[in-house]
Amino acid sequence: MSNQNIWVFFELSDGRPKRVCLEMMQKAKALAEGSSGKAAAVIIDPEPEEACKAAFENGADQVLIVRQKFFFESAAYILEKLAGKYEPKIVMIGATTEGRDLAASASARLHCGIASECTDVVITGSGVFWIRPSYDGRLNTNIGIEEAPMIGTFKPGIFKLEEPAAGRSGETVEEAIEVPAGILLTQLLGFTPDDELTKANIEDAEIIVAGGRGVGSKEGFGQLYELAAALGGSVGASRAAVDEGWIGKDYQIGITGKTVAPRLYIGFGISGALPHVNGIKESDIIVAVNTDPNAPIFGVANYGIVADLNVICPALTKKVKEMKG
Amino acid sequence: MKILVLLKEVPVVSEIRINRQYFTIDRSGVGKMMNPADRHAIEAALKLADTRGGEVTAITMGPESSESILREAASLGVKAAYRLTDKAFAGADTLATATILKAAIDATGPYDAVFCGASSIDGVTGQIPAKLGTMLGCGILTNACKIEITDAGLTIDRKAGTGYEKLTASFPLVCSVTEDANTPRKPSIKGRTMSKRLVIEVLDNEKLQIPAEGIKSPSKVIGLFPPPALEKGQMIPGEDPEAAVAELVELLQEQAAF
Ligand SMILES: Cc1cc2nc3c(=O)[nH]c(=O)nc-3n(C[C@H](O)[C@H](O)[C@H](O)COP(=O)(O)OP(=O)(O)OC[C@H]3O[C@@H](n4cnc5c(N)ncnc54)[C@H](O)[C@@H]3O)c2cc1C
Ligand SMILES: Cc1cc2nc3c(=O)[nH]c(=O)nc-3n(C[C@H](O)[C@H](O)[C@H](O)COP(=O)(O)OP(=O)(O)OC[C@H]3O[C@@H](n4cnc5c(N)ncnc54)[C@H](O)[C@@H]3O)c2cc1C
């Protein structure tokens with residue numbers, strides 16, 4: 001019989017947990033509290049200390065540690081062994097590049113159900129229900145899984161990150177698991193940072209200035225870059241702007257682009273179609289500037305201004321620059 | 001070399017109509033096509049065959065209509081094709097789908113390389129490649145945006161956050177391909193003839209013999225519902241842009257938004 005425990009897989013970069021792991025940890029805590037289970041973090045890393053502390057402060061009752069280098073193939077093997085021993089109900093994994101491979105590989109090993117890239121999860125007596133946006137965000141799909149264990153993946157920015165509880169602590173369990181050589185068939189040769197991709201790494205941005213078809217041209221995006229620079233933020237775009245060729249595909253926000261959750265999102269000339277809105281919902285503050293008072297984006301914005309972006313954007317840049325001196 | 005490409009027929013998602021009252025979807029009359037990324041998987045498979053010699057086979061699991069994507073693949077140079085279908089395969093989730101594809105690979109392979117799309121546009125899970133690779137016990141290269149053929153296998157680049165990751169694996173391997181990876185070729189005249197002549201072998205569970213336990217889907221689509229409405233916020237009058245900007249900045253500063 002499996003228990004009600006909920007695990008969150010912690011993916012680290014330079015010893016620090018990725019933000020999506022903390023977001024899921026807080027969600028796991030809330031879920032565990034509602035179902036009399038424990039929330040646990042699983043950390044596979046030679047230096048798990050910092051991540052372990054973060055796990056506790058974000059809601060873990062327990063941290064399972066395997067001191068080893070992380071790679072999706074070995075991690076899937078380790079998860080299989082850990083899940084076999086401790087029988088968690090749910091394993092949450094971030095839908096990052098490696099997280100996706102890990103989730104797929106682990107679910108094959110565990111022969112278990114998976115709900116991928118969900119926006120929510122609800123636990124009831126009869127099963128666990130996973131919510132996934134589908135049909136371009138026009139409808140949500142409810143995926144039900146009964147048998148434990150099961151895996152759910154979440155993109156960064158789906159759950160709002162609350163303040164961690166500083167100093168909170170819990171139980172740590174270390175496990176030594178030998179990964180047979182035959183498991184490692186793929187090799188990561190290296191990572192090459194890229195300026196373009198760094199600029200487009202809007203998933204981690206605190207402030208996003210986004211432009212849509214209303215921006216009108218590639219040149220029109222110039223004023224958005226200026227505002228973003230003044231605010232210390234990044235530029236993003238709707239699919240329409242990407243399709244027009246005004247900005248690269250890596251900047252696209254929405255269901256077929258990136259999900260973002262900045263502190264501040266300012267949308268210029270974006271109508272607010274569902275596929276786009278799906279990617280910005282968890283932003284703390286949404287500001288919209290659009291000439292059409294009936295634009296759907298005003299239905300989701302915290303603050304809306306019906307005006308020409310070509311006037312508002314430069315005026316806002318000027319004001320921000322003045323204030324920042 | 002024996003090379004396989006996996007193809008999925010998908011609906012043209014934007015043509016699917018939604019009944020706003022009952023939140024059901026209407027797929028009648030909705031066009032079907034080859035999953036866009038799969039076209040690039042075919043190209044990657046053909047390029048490997050061109051470079052190292054060998055033949056490319058295509059497999060799809062789907063209804064009879066999906067034979068048209070197999071014929072399309074044949075017009076590009078794919079030589080053999082199988083369609084997997086059985087009552088027991090209906091409603092397969094990603095675990096069951098990968099299990100069935102694995103059985104078909106065991107029955108028709110072995111293959112040195114299996115190419116697939118990085119993700120489908122209808123299920124959009126991106127689960128099949130790494131699941132299948134794990135079940136096959138071979139190297140797994142996902143989301144390739146650049147593919148290099150090496151002596152022993154493949155080396156790929158893929159986008160990862162602020163840069164590119166380089167991964168490598170030896171044959172046999174599974175490689176999933178994004179639309180950035182290559183430019184698919186156009187069908188040739190000879191290809192069009194080959195496409196018409198292509199014999200598609202249908203494999204059902206009588207032939208594949210997958211035990212019922214193996215094709216049970218642990219996840220089920222329970223239903224569809226509309227996304228919840230979000231809270232509507234405050235409008236700032238826009239007639240006087242200076243005043244509007246001043247008010248906005250004040251509101252944002254109050255909340256320490258920047
Ligand atoms: C399968 C599928 C997937 C999709 N995925 C995504 C996705 O990931 N992301 C995404 O964004 N979209 C996506 N879309 C497209 C989406 O449905 C919309 O078409 C798109 O978001 C519209 O972009 P937009 O708001 O920039 O353009 P439009 O809808 O054309 O809106 C432009 C807006 O600019 C305003 N405007 C014009 N001039 C000015 C001005 N001078 N000042 C201020 N406002 C002005 C107009 O009033 C209008 O509201 C997807 C669609 C499909 C079918
Ligand atoms: C709205 C919706 C939501 C769903 N959610 C889930 C879920 O959360 N969990 C779950 O387990 N299942 C889910 N499914 C079922 C899932 O879509 C199917 O199992 C599907 O057969 C495979 O998944 P995919 O299309 O996402 O494949 P992906 O992994 O996205 O496809 C990648 C590649 O695998 C190959 N491939 C995929 N399917 C086939 C095929 N039938 N034949 C040959 N090659 C193929 C293609 O090369 C394709 O490009 C969902 C289905 C729908 C319609």
# chains A, B, ... in the order shown; residues from 1 in each chain; ligands from 1

$ residues_around --residues "B:Glu239" --least-positions-apart "4" --cutoff "10 Å" --atoms "only C-alpha atoms" --output "VMD selection string"
(chain A and resid 305 to 308) or (chain B and resid 243 to 244)

$ residues_near_ligand --ligand "ligand 1" --cutoff "6 Å" --atoms "only C-alpha atoms and all ligand atoms" --output "ChimeraX atom specification"
/A:136,212-214,238-241,252-257,268-273,275-276,289-292,295,307-310 /B:14

$ write_last_selection --atoms "N, CA, C and O atoms" --output "short mmCIF file (atom, residue, chain, number, x, y, z; two decimals), in the first residue's frame"
data_model
loop_
_atom_site.label_atom_id
_atom_site.label_comp_id
_atom_site.auth_asym_id
_atom_site.auth_seq_id
_atom_site.Cartn_x
_atom_site.Cartn_y
_atom_site.Cartn_z
N ASP A 136 -5.13 24.63 -27.79
CA ASP A 136 -4.57 26.00 -27.84
C ASP A 136 -5.00 26.82 -26.63
O ASP A 136 -5.10 28.03 -26.71
N GLY A 212 2.89 42.90 -29.15
CA GLY A 212 2.08 42.11 -30.05
C GLY A 212 1.99 42.73 -31.43
O GLY A 212 2.78 43.61 -31.78
N ARG A 213 1.00 42.29 -32.18
CA ARG A 213 0.83 42.79 -33.54
C ARG A 213 0.66 44.31 -33.57
O ARG A 213 1.04 44.97 -34.52
N GLY A 214 0.09 44.85 -32.48
CA GLY A 214 -0.14 46.29 -32.41
C GLY A 214 1.15 47.11 -32.46
O GLY A 214 1.11 48.30 -32.74
N SER A 238 3.97 38.26 -28.43
CA SER A 238 2.88 37.35 -28.76
C SER A 238 3.28 36.56 -29.99
O SER A 238 4.24 36.91 -30.69
N ARG A 239 2.52 35.53 -30.28
CA ARG A 239 2.83 34.73 -31.46
C ARG A 239 2.67 35.53 -32.73
O ARG A 239 3.42 35.34 -33.68
N ALA A 240 1.70 36.46 -32.73
CA ALA A 240 1.49 37.27 -33.93
C ALA A 240 2.75 38.06 -34.27
O ALA A 240 3.16 38.12 -35.43
N ALA A 241 3.37 38.64 -33.25
CA ALA A 241 4.59 39.42 -33.49
C ALA A 241 5.73 38.51 -33.96
O ALA A 241 6.53 38.90 -34.82
N GLN A 252 8.61 34.04 -27.72
CA GLN A 252 7.15 33.90 -27.71
C GLN A 252 6.63 33.43 -26.36
O GLN A 252 7.10 32.46 -25.78
N ILE A 253 5.61 34.16 -25.89
CA ILE A 253 4.97 33.81 -24.63
C ILE A 253 3.62 33.17 -24.96
O ILE A 253 2.89 33.67 -25.81
N GLY A 254 3.29 32.11 -24.27
CA GLY A 254 1.97 31.50 -24.47
C GLY A 254 2.04 30.00 -24.54
O GLY A 254 3.08 29.40 -24.29
N ILE A 255 0.92 29.43 -24.90
CA ILE A 255 0.76 27.99 -24.83
C ILE A 255 1.75 27.25 -25.72
O ILE A 255 2.22 26.17 -25.39
N THR A 256 2.09 27.83 -26.87
CA THR A 256 3.09 27.19 -27.73
C THR A 256 4.44 27.91 -27.62
O THR A 256 5.31 27.73 -28.45
N GLY A 257 4.55 28.75 -26.61
CA GLY A 257 5.82 29.43 -26.35
C GLY A 257 6.21 29.19 -24.91
O GLY A 257 6.09 28.08 -24.41
N PHE A 268 2.00 45.45 -24.67
CA PHE A 268 1.69 46.53 -25.61
C PHE A 268 1.14 45.96 -26.91
O PHE A 268 1.81 45.13 -27.54
N GLY A 269 -0.04 46.40 -27.28
CA GLY A 269 -0.59 45.98 -28.57
C GLY A 269 -0.82 44.48 -28.66
O GLY A 269 -0.60 43.87 -29.69
N ILE A 270 -1.21 43.91 -27.53
CA ILE A 270 -1.53 42.47 -27.47
C ILE A 270 -3.01 42.35 -27.14
O ILE A 270 -3.48 42.95 -26.17
N SER A 271 -3.74 41.59 -27.95
CA SER A 271 -5.20 41.55 -27.77
C SER A 271 -5.61 40.74 -26.55
O SER A 271 -6.65 40.98 -25.95
N GLY A 272 -4.80 39.73 -26.20
CA GLY A 272 -5.14 38.93 -25.04
C GLY A 272 -5.87 37.65 -25.39
O GLY A 272 -6.74 37.18 -24.66
N ALA A 273 -5.48 37.04 -26.52
CA ALA A 273 -6.05 35.75 -26.91
C ALA A 273 -5.64 34.70 -25.88
O ALA A 273 -4.57 34.78 -25.29
N PRO A 275 -4.46 31.64 -25.93
CA PRO A 275 -3.16 30.98 -25.97
C PRO A 275 -2.05 31.86 -25.39
O PRO A 275 -1.09 31.36 -24.83
N HIS A 276 -2.20 33.16 -25.52
CA HIS A 276 -1.20 34.06 -24.95
C HIS A 276 -1.41 34.21 -23.43
O HIS A 276 -0.48 34.05 -22.65
N VAL A 289 -1.68 47.82 -22.45
CA VAL A 289 -1.89 49.06 -23.20
C VAL A 289 -2.40 48.67 -24.58
O VAL A 289 -1.73 47.94 -25.31
N ASN A 290 -3.61 49.12 -24.88
CA ASN A 290 -4.24 48.72 -26.14
C ASN A 290 -5.21 49.81 -26.57
O ASN A 290 -5.88 50.42 -25.72
N THR A 291 -5.30 50.07 -27.87
CA THR A 291 -6.20 51.11 -28.37
C THR A 291 -7.67 50.68 -28.36
O THR A 291 -8.56 51.52 -28.44
N ASP A 292 -7.88 49.36 -28.27
CA ASP A 292 -9.25 48.85 -28.33
C ASP A 292 -9.79 48.61 -26.91
O ASP A 292 -9.32 47.71 -26.22
N ALA A 295 -10.60 45.05 -25.98
CA ALA A 295 -9.59 43.99 -26.11
C ALA A 295 -9.67 43.07 -24.89
O ALA A 295 -9.73 43.54 -23.75
N ALA A 307 -5.01 53.31 -24.95
CA ALA A 307 -4.23 54.38 -25.58
C ALA A 307 -3.27 53.78 -26.60
O ALA A 307 -3.10 52.56 -26.66
N ASP A 308 -2.64 54.67 -27.37
CA ASP A 308 -1.68 54.27 -28.38
C ASP A 308 -0.35 53.92 -27.70
O ASP A 308 0.21 54.73 -26.97
N LEU A 309 0.12 52.72 -27.96
CA LEU A 309 1.37 52.29 -27.33
C LEU A 309 2.54 53.18 -27.73
O LEU A 309 3.50 53.35 -26.97
N ASN A 310 2.46 53.75 -28.95
CA ASN A 310 3.56 54.58 -29.44
C ASN A 310 3.70 55.87 -28.64
O ASN A 310 4.71 56.56 -28.75
N SER B 14 -6.45 24.19 -34.79
CA SER B 14 -7.18 25.46 -34.87
C SER B 14 -8.57 25.29 -35.50
O SER B 14 -9.43 26.14 -35.34
#

$ interface_residues --of "chain B" --to "chain A" --cutoff "7 Å" --atoms "only C-alpha atoms" --output "MDAnalysis selection string"
chainID B and resid 13 95 125 127 130:131 134:135 138:140 160:169 218:227 230:238 241:242 245 257:258

$ closest_residue --among "A:Ile151, A:Val215, A:Val260, A:Ala28" --to "ligand 2" --atoms "only C-alpha atoms and all ligand atoms"
A:Ile151

$ residues_around --residues "stretch 15-23 of chain A" --least-positions-apart "4" --cutoff "6 Å" --atoms "only C-alpha atoms" --output "ChimeraX atom specification"
/A:10-11,51,94,156,159,161

$ select_by_dssp --residues "stretch 17-250 of chain B" --states "strand (DSSP E)" --output "NGL selection string"
:B and (17-19 or 24-26 or 32-34 or 55-61 or 80-84 or 113-117 or 139-144 or 146-149 or 153-160 or 163-170 or 173-177 or 200-203 or 219-225 or 234-236)

$ residues_around --residues "B:Ser176" --least-positions-apart "5" --cutoff "9 Å" --atoms "only C-alpha atoms" --output "ChimeraX atom specification"
/B:37-38,41,114-119,126,129-130,140-144

$ write_last_selection --atoms "C-alpha atoms" --output "compact mmCIF listing (two decimals), in the first residue's frame"
# COMPACT_ATOMS: atom_id res chain seq x y z
CA ALA B 37 7.86 18.07 -36.19
CA ASP B 38 7.62 14.57 -37.73
CA ALA B 41 12.23 13.59 -38.15
CA VAL B 114 14.68 5.72 -34.27
CA PHE B 115 13.67 9.29 -35.11
CA CYS B 116 10.51 11.00 -33.88
CA GLY B 117 9.09 14.47 -33.54
CA ALA B 118 10.00 16.37 -30.36
CA SER B 119 6.34 16.81 -29.50
CA GLY B 126 6.73 15.15 -25.66
CA PRO B 129 10.79 9.68 -27.32
CA ALA B 130 12.41 9.28 -23.88
CA ILE B 140 18.16 9.10 -25.85
CA LEU B 141 18.70 12.42 -27.59
CA THR B 142 15.68 14.72 -27.31
CA ASN B 143 14.69 18.07 -28.77
CA ALA B 144 17.51 18.23 -31.31

$ residues_around --residues "B:Lys47" --least-positions-apart "2" --cutoff "12 Å" --atoms "only C-alpha atoms" --output "count of residues only"
30

$ closest_atom_pairs --of "stretch 137-193 of chain A" --to "stretch 78-87 of chain A" --cutoff "9 Å" --atoms "only C-alpha atoms" --output "Markdown table"
| residue | atom | partner | partner_atom | distance |
| --- | --- | --- | --- | --- |
| A:Ala148 | CA | A:Glu87 | CA | 7.8 |
| A:Pro149 | CA | A:Glu87 | CA | 6.8 |
| A:Glu175 | CA | A:Leu82 | CA | 8.4 |
| A:Ile177 | CA | A:Ile78 | CA | 6.7 |
| A:Glu178 | CA | A:Ile78 | CA | 8.3 |
| A:Val179 | CA | A:Ile78 | CA | 7.3 |

$ write_last_selection --atoms "C-alpha atoms" --output "mmCIF file, in the first residue's frame"
data_model
loop_
_atom_site.group_PDB
_atom_site.id
_atom_site.type_symbol
_atom_site.label_atom_id
_atom_site.label_comp_id
_atom_site.auth_asym_id
_atom_site.auth_seq_id
_atom_site.Cartn_x
_atom_site.Cartn_y
_atom_site.Cartn_z
ATOM 1 C CA ALA A 148 0.281 5.324 -7.317
ATOM 2 C CA PRO A 149 2.958 6.202 -7.952
ATOM 3 C CA GLU A 175 20.463 6.856 0.388
ATOM 4 C CA ILE A 177 22.277 3.919 -4.769
ATOM 5 C CA GLU A 178 24.709 2.371 -7.209
ATOM 6 C CA VAL A 179 23.779 3.089 -10.825
#

$ residues_around --residues "B:Thr97" --least-positions-apart "2" --cutoff "12 Å" --atoms "only C-alpha atoms" --output "ChimeraX atom specification"
/A:108,113 /B:6,8,60-62,84-86,88-95,99-104,123,125,127-129,131-132,135,210,214-219

$ closest_residue --among "B:Asn35, B:Ser68, B:Thr108, B:Thr155" --to "ligand 2" --atoms "only C-alpha atoms and all ligand atoms"
B:Asn35

$ select_by_dssp --residues "stretch 35-248 of chain B" --states "helix (DSSP H, G or I)" --output "JSON, numbers by chain"
{"B": [36, 37, 38, 39, 40, 41, 42, 43, 44, 45, 46, 47, 48, 49, 50, 51, 52, 64, 65, 66, 67, 68, 69, 70, 71, 72, 73, 74, 75, 76, 87, 88, 89, 94, 95, 96, 97, 98, 99, 100, 101, 102, 103, 104, 105, 106, 107, 108, 128, 129, 130, 131, 132, 133, 134, 135, 136, 189, 190, 191, 192, 193, 194, 195, 196, 197, 205, 206, 207, 208, 212, 213, 214, 215, 241, 242, 243, 244, 245, 246, 247, 248]}

$ atom_distance --atom1 "atom CA of B:Gln255" --atom2 "atom CA of A:Gly220"
28.9 Å

$ atom_distance --atom1 "atom 5 (N, counted along the ligand's line) of ligand 2" --atom2 "atom CA of A:Gly152"
10.8 Å

$ closest_residue --among "B:Ser170, B:Asn205, B:Ser195, B:Ser66" --to "ligand 2" --atoms "only C-alpha atoms and all ligand atoms"
B:Ser66

$ closest_residue --among "A:Gly125, A:Gly222, A:Gly216, A:Gly170" --to "A:Ala60" --atoms "only C-alpha atoms"
A:Gly170

$ closest_residue --among "A:Ala165, A:Cys52, A:Ile247, A:Ala30" --to "A:Val122" --atoms "only C-alpha atoms"
A:Ala30

$ closest_residue --among "B:Leu208, B:Ile59, B:Met194, B:Met1" --to "ligand 2" --atoms "only C-alpha atoms and all ligand atoms"
B:Ile59

$ decode --residues "stretch 2-36 of chain B" --atoms "N, CA and C atoms" --output "compact mmCIF listing (two decimals), in the first residue's frame"
# COMPACT_ATOMS: atom_id res chain seq x y z
N LYS B 2 19.60 0.20 -40.50
CA LYS B 2 18.14 0.17 -40.47
C LYS B 2 17.65 1.35 -39.63
N ILE B 3 16.89 2.20 -40.27
CA ILE B 3 16.48 3.43 -39.61
C ILE B 3 14.95 3.49 -39.57
N LEU B 4 14.42 3.97 -38.43
CA LEU B 4 12.97 4.06 -38.28
C LEU B 4 12.56 5.49 -38.00
N VAL B 5 11.43 5.88 -38.56
CA VAL B 5 10.86 7.16 -38.18
C VAL B 5 9.43 6.92 -37.71
N LEU B 6 9.07 7.58 -36.61
CA LEU B 6 7.73 7.43 -36.05
C LEU B 6 6.89 8.63 -36.43
N LEU B 7 5.71 8.37 -36.95
CA LEU B 7 4.87 9.46 -37.44
C LEU B 7 3.51 9.44 -36.77
N LYS B 8 2.98 10.62 -36.49
CA LYS B 8 1.66 10.70 -35.89
C LYS B 8 0.76 11.60 -36.72
N GLU B 9 -0.45 11.12 -36.96
CA GLU B 9 -1.44 11.96 -37.63
C GLU B 9 -2.15 12.79 -36.57
N VAL B 10 -2.25 14.08 -36.80
CA VAL B 10 -2.88 14.97 -35.81
C VAL B 10 -3.98 15.80 -36.47
N PRO B 11 -4.96 16.23 -35.67
CA PRO B 11 -5.97 17.12 -36.24
C PRO B 11 -5.39 18.53 -36.41
N VAL B 12 -5.95 19.29 -37.34
CA VAL B 12 -5.56 20.69 -37.44
C VAL B 12 -6.25 21.38 -36.26
N VAL B 13 -5.48 21.58 -35.20
CA VAL B 13 -6.05 21.95 -33.90
C VAL B 13 -6.91 23.22 -33.98
N SER B 14 -6.45 24.19 -34.79
CA SER B 14 -7.18 25.46 -34.87
C SER B 14 -8.57 25.29 -35.50
N GLU B 15 -8.76 24.17 -36.23
CA GLU B 15 -10.07 23.95 -36.86
C GLU B 15 -11.08 23.29 -35.92
N ILE B 16 -10.60 22.83 -34.78
CA ILE B 16 -11.51 22.15 -33.85
C ILE B 16 -12.44 23.18 -33.24
N ARG B 17 -13.74 22.92 -33.34
CA ARG B 17 -14.70 23.86 -32.77
C ARG B 17 -15.07 23.42 -31.36
N ILE B 18 -15.32 24.41 -30.54
CA ILE B 18 -15.66 24.11 -29.16
C ILE B 18 -17.10 24.54 -28.89
N ASN B 19 -17.88 23.62 -28.35
CA ASN B 19 -19.24 23.95 -27.97
C ASN B 19 -19.18 24.66 -26.63
N ARG B 20 -19.51 25.94 -26.68
CA ARG B 20 -19.34 26.80 -25.48
C ARG B 20 -20.32 26.44 -24.37
N GLN B 21 -21.40 25.75 -24.74
CA GLN B 21 -22.39 25.42 -23.72
C GLN B 21 -22.02 24.14 -22.96
N TYR B 22 -21.60 23.13 -23.72
CA TYR B 22 -21.34 21.84 -23.08
C TYR B 22 -19.85 21.52 -22.96
N PHE B 23 -19.02 22.42 -23.50
CA PHE B 23 -17.58 22.22 -23.45
C PHE B 23 -17.17 20.87 -24.01
N THR B 24 -17.73 20.59 -25.17
CA THR B 24 -17.30 19.42 -25.90
C THR B 24 -16.60 19.92 -27.15
N ILE B 25 -15.81 19.05 -27.76
CA ILE B 25 -15.14 19.48 -28.98
C ILE B 25 -15.76 18.76 -30.17
N ASP B 26 -15.79 19.46 -31.27
CA ASP B 26 -16.35 18.91 -32.49
C ASP B 26 -15.23 18.75 -33.50
N ARG B 27 -14.89 17.49 -33.76
CA ARG B 27 -13.79 17.21 -34.68
C ARG B 27 -14.28 16.91 -36.08
N SER B 28 -15.62 16.92 -36.28
CA SER B 28 -16.13 16.56 -37.60
C SER B 28 -15.67 17.58 -38.62
N GLY B 29 -15.21 17.09 -39.73
CA GLY B 29 -14.78 17.98 -40.80
C GLY B 29 -13.45 18.66 -40.53
N VAL B 30 -12.85 18.36 -39.38
CA VAL B 30 -11.55 18.96 -39.07
C VAL B 30 -10.46 18.22 -39.85
N GLY B 31 -9.61 18.99 -40.51
CA GLY B 31 -8.57 18.40 -41.33
C GLY B 31 -7.56 17.62 -40.50
N LYS B 32 -6.87 16.69 -41.15
CA LYS B 32 -5.83 15.95 -40.45
C LYS B 32 -4.53 16.11 -41.22
N MET B 33 -3.45 16.02 -40.51
CA MET B 33 -2.15 16.19 -41.17
C MET B 33 -1.07 15.46 -40.40
N MET B 34 0.11 15.43 -40.99
CA MET B 34 1.24 14.85 -40.29
C MET B 34 1.68 15.85 -39.22
N ASN B 35 1.98 15.35 -38.01
CA ASN B 35 2.48 16.23 -36.96
C ASN B 35 3.69 17.01 -37.51
N PRO B 36 3.68 18.35 -37.40
CA PRO B 36 4.71 19.16 -38.06
C PRO B 36 6.16 18.74 -37.76
